[in-house]
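Asker: This is input_1.pdb (PDB, C-alpha atoms).
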ATOM      1  CA  MET A 665      -9.505-193.883 139.170
ATOM      2  CA  ALA A 666      -6.702-191.556 140.233
ATOM      3  CA  ASP A 667      -8.718-188.600 138.903
ATOM      4  CA  ASP A 668     -11.725-189.696 140.999
ATOM      5  CA  ASN A 669      -9.592-189.546 144.136
ATOM      6  CA  VAL A 670      -8.598-186.004 143.295
ATOM      7  CA  VAL A 671     -12.253-184.989 142.811
ATOM      8  CA  GLU A 672     -13.309-186.745 146.023
ATOM      9  CA  THR A 673     -10.532-185.180 148.112
ATOM     10  CA  LYS A 674     -11.895-182.833 150.717
ATOM     11  CA  LEU A 675     -10.408-179.386 150.692
ATOM     12  CA  ARG A 676      -9.488-178.275 154.204
ATOM     13  CA  THR A 677      -8.683-174.865 155.540
ATOM     14  CA  ASP A 678      -8.016-174.682 159.270
ATOM     15  CA  ASP A 679     -11.009-176.363 160.969
ATOM     16  CA  GLU A 680     -13.347-176.044 158.013
ATOM     17  CA  VAL A 681     -14.116-178.934 155.691
ATOM     18  CA  LYS A 682     -15.557-178.419 152.256
ATOM     19  CA  PHE A 683     -17.752-181.257 151.040
ATOM     20  CA  THR A 684     -17.236-182.536 147.552
ATOM     21  CA  PRO A 685     -19.816-181.808 144.848
ATOM     22  CA  ALA A 686     -20.858-185.480 144.943
ATOM     23  CA  GLU A 687     -21.436-185.287 148.708
ATOM     24  CA  MET A 688     -23.365-182.043 148.335
ATOM     25  CA  GLU A 689     -25.476-183.626 145.605
ATOM     26  CA  LYS A 690     -26.229-186.641 147.811
ATOM     27  CA  LEU A 691     -27.212-184.346 150.694
ATOM     28  CA  ALA A 692     -29.511-182.392 148.363
ATOM     29  CA  GLU A 693     -31.066-185.667 147.150
ATOM     30  CA  LEU A 694     -31.708-186.719 150.746
ATOM     31  CA  GLN A 695     -33.271-183.356 151.555
ATOM     32  CA  THR A 696     -35.528-183.655 148.499
ATOM     33  CA  SER A 697     -36.451-187.212 149.489
ATOM     34  CA  TYR A 698     -37.411-186.008 152.971
ATOM     35  CA  GLN A 699     -39.532-183.224 151.487
ATOM     36  CA  VAL A 700     -41.304-185.667 149.156
ATOM     37  CA  ALA A 701     -41.924-188.133 152.011
ATOM     38  CA  THR A 702     -43.166-185.374 154.322
ATOM     39  CA  SER A 703     -45.489-184.048 151.641
ATOM     40  CA  LYS A 704     -46.819-187.556 150.993
ATOM     41  CA  ILE A 705     -47.487-188.052 154.705
ATOM     42  CA  GLY A 706     -49.378-184.770 154.753
ATOM     43  CA  GLN A 707     -51.426-185.698 151.681
ATOM     44  CA  LEU A 708     -52.302-189.089 153.146
ATOM     45  CA  ASN A 709     -53.360-187.511 156.426
ATOM     46  CA  VAL A 710     -55.586-185.047 154.577
ATOM     47  CA  GLN A 711     -57.125-187.986 152.697
ATOM     48  CA  ARG A 712     -57.702-189.714 156.049
ATOM     49  CA  ILE A 713     -59.450-186.606 157.396
ATOM     50  CA  LEU A 714     -61.671-186.455 154.320
ATOM     51  CA  LEU A 715     -62.489-190.160 154.608
ATOM     52  CA  GLU A 716     -63.317-189.732 158.298
ATOM     53  CA  GLN A 717     -65.651-186.867 157.381
ATOM     54  CA  GLN A 718     -67.279-188.988 154.681
ATOM     55  CA  THR A 719     -67.622-191.879 157.129
ATOM     56  CA  GLU A 720     -69.220-189.592 159.699
ATOM     57  CA  ASN A 721     -71.652-188.263 157.089
ATOM     58  CA  LEU A 722     -72.427-191.813 155.970
ATOM     59  CA  ASP A 723     -72.984-192.898 159.575
ATOM     60  CA  ASN A 724     -75.388-189.971 160.038
ATOM     61  CA  GLU A 725     -77.301-190.903 156.870
ATOM     62  CA  ILE A 726     -77.479-194.546 157.973
ATOM     63  CA  GLN A 727     -78.839-193.486 161.363
ATOM     64  CA  LEU A 728     -81.476-191.301 159.700
ATOM     65  CA  ALA A 729     -82.503-194.221 157.473
ATOM     66  CA  LYS A 730     -82.695-196.556 160.496
ATOM     67  CA  ASP A 731     -84.809-194.021 162.389
ATOM     68  CA  SER A 732     -87.104-193.739 159.388
ATOM     69  CA  TYR A 733     -87.360-197.528 159.138
ATOM     70  CA  VAL A 734     -88.320-197.827 162.807
ATOM     71  CA  LYS A 735     -90.908-195.052 162.381
ATOM     72  CA  ILE A 736     -92.424-196.911 159.418
ATOM     73  CA  GLN A 737     -92.606-200.088 161.520
ATOM     74  CA  VAL A 738     -94.462-198.208 164.274
ATOM     75  CA  GLU A 739     -96.864-196.716 161.717
ATOM     76  CA  GLU A 740     -97.449-200.174 160.245
ATOM     77  CA  ARG A 741     -98.237-201.706 163.642
ATOM     78  CA  GLU A 742    -100.621-198.841 164.437
ATOM     79  CA  LEU A 743    -102.406-199.242 161.096
ATOM     80  CA  VAL A 744    -102.664-203.022 161.463
ATOM     81  CA  LYS A 745    -104.123-202.608 164.970
ATOM     82  CA  LYS A 746    -106.590-199.986 163.743
ATOM     83  CA  LEU A 747    -107.672-202.169 160.795
ATOM     84  CA  ASN A 748    -107.917-205.270 163.000
ATOM     85  CA  ASP A 749    -110.079-203.324 165.463
ATOM     86  CA  LYS A 750    -112.292-202.135 162.605
ATOM     87  CA  TYR A 751    -112.496-205.296 160.444
ATOM     88  CA  GLY A 752    -111.229-208.090 162.694
ATOM     89  CA  ALA A 753    -108.486-210.555 161.860
ATOM     90  CA  GLY A 754    -108.087-211.684 158.254
ATOM     91  CA  GLN A 755    -106.083-211.513 155.076
ATOM     92  CA  LEU A 756    -105.661-208.547 152.743
ATOM     93  CA  ASP A 757    -104.755-208.942 149.094
ATOM     94  CA  PRO A 758    -102.584-205.828 148.618
ATOM     95  CA  GLU A 759    -103.020-205.880 144.831
ATOM     96  CA  THR A 760    -106.820-205.934 144.821
ATOM     97  CA  GLY A 761    -107.516-204.362 148.203
ATOM     98  CA  VAL A 762    -109.875-207.247 149.016
ATOM     99  CA  PHE A 763    -109.989-208.203 152.685
ATOM    100  CA  THR A 764    -111.069-211.714 153.653
ATOM    101  CA  PRO A 765    -112.020-212.083 157.335
ATOM    102  CA  SER A 766    -110.701-215.079 159.282
ATOM    103  CA  LYS A 767    -113.311-217.654 160.299
TER
END
Is it possible to express this structure as structure tokens?
Answerer:
Amino acid sequence: MADDNVVETKLRTDDEVKFTPAEMEKLAELQTSYQVATSKIGQLNVQRILLEQQTENLDNEIQLAKDSYVKIQVEERELVKKLNDKYGAGQLDPETGVFTPSK
């Protein structure tokens, strides 16, 4: 233990203090840890940006699909009205194409 105290003793000259190798190593480890943490934060933020872009693209695709769905509904109502005007009310068998008028 006496040797450890000698190694850990700070060497002073006037107002300057020289850190021990162990202290310098610990400072370097902290600096590396900060760099790793900062890099990780940056990577996670880039991932967030990419996810936000994907979400925006997905939202746009969903809106297009909804718009298409509504358009199909309008087309269906128009066709049903046209067919009802032409043939009257009734039932259509979609597999055979046979229309049975209501009585």
Asker: Take atom CA of A:Asp723 and atom CA of A:Glu742 and report the distance between them in Å, one decimal.
Answerer: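 A separation of 28.7 Å between them.
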Asker: How many Å separate atom CA of A:Gly752 from atom CA of A:Thr764?
Answerer: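 These two atoms are separated by 9.7 Å.
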Asker: Hey, can you check how far atom CA of A:Gly754 sits from atom CA of A:Ile736?
Answerer: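 Separating atom CA of A:Gly754 from atom CA of A:Ile736 is a distance of 21.6 Å.
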Asker: Tell me, as a list in words, which residues lie within 12 Å of stretch 745-751 of chain A, counting only C-alpha atoms; anything in the same chain fewer than 2 positions away does not count.
Answerer: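 Neighbouring residues, sequence-local ones excluded: Val738, Glu739, Glu740, Arg741, Glu742, Leu743, Ala753, Gly754, Gln755, Leu756, Val762, Phe763, Thr764, Pro765 and Ser766 of chain A.
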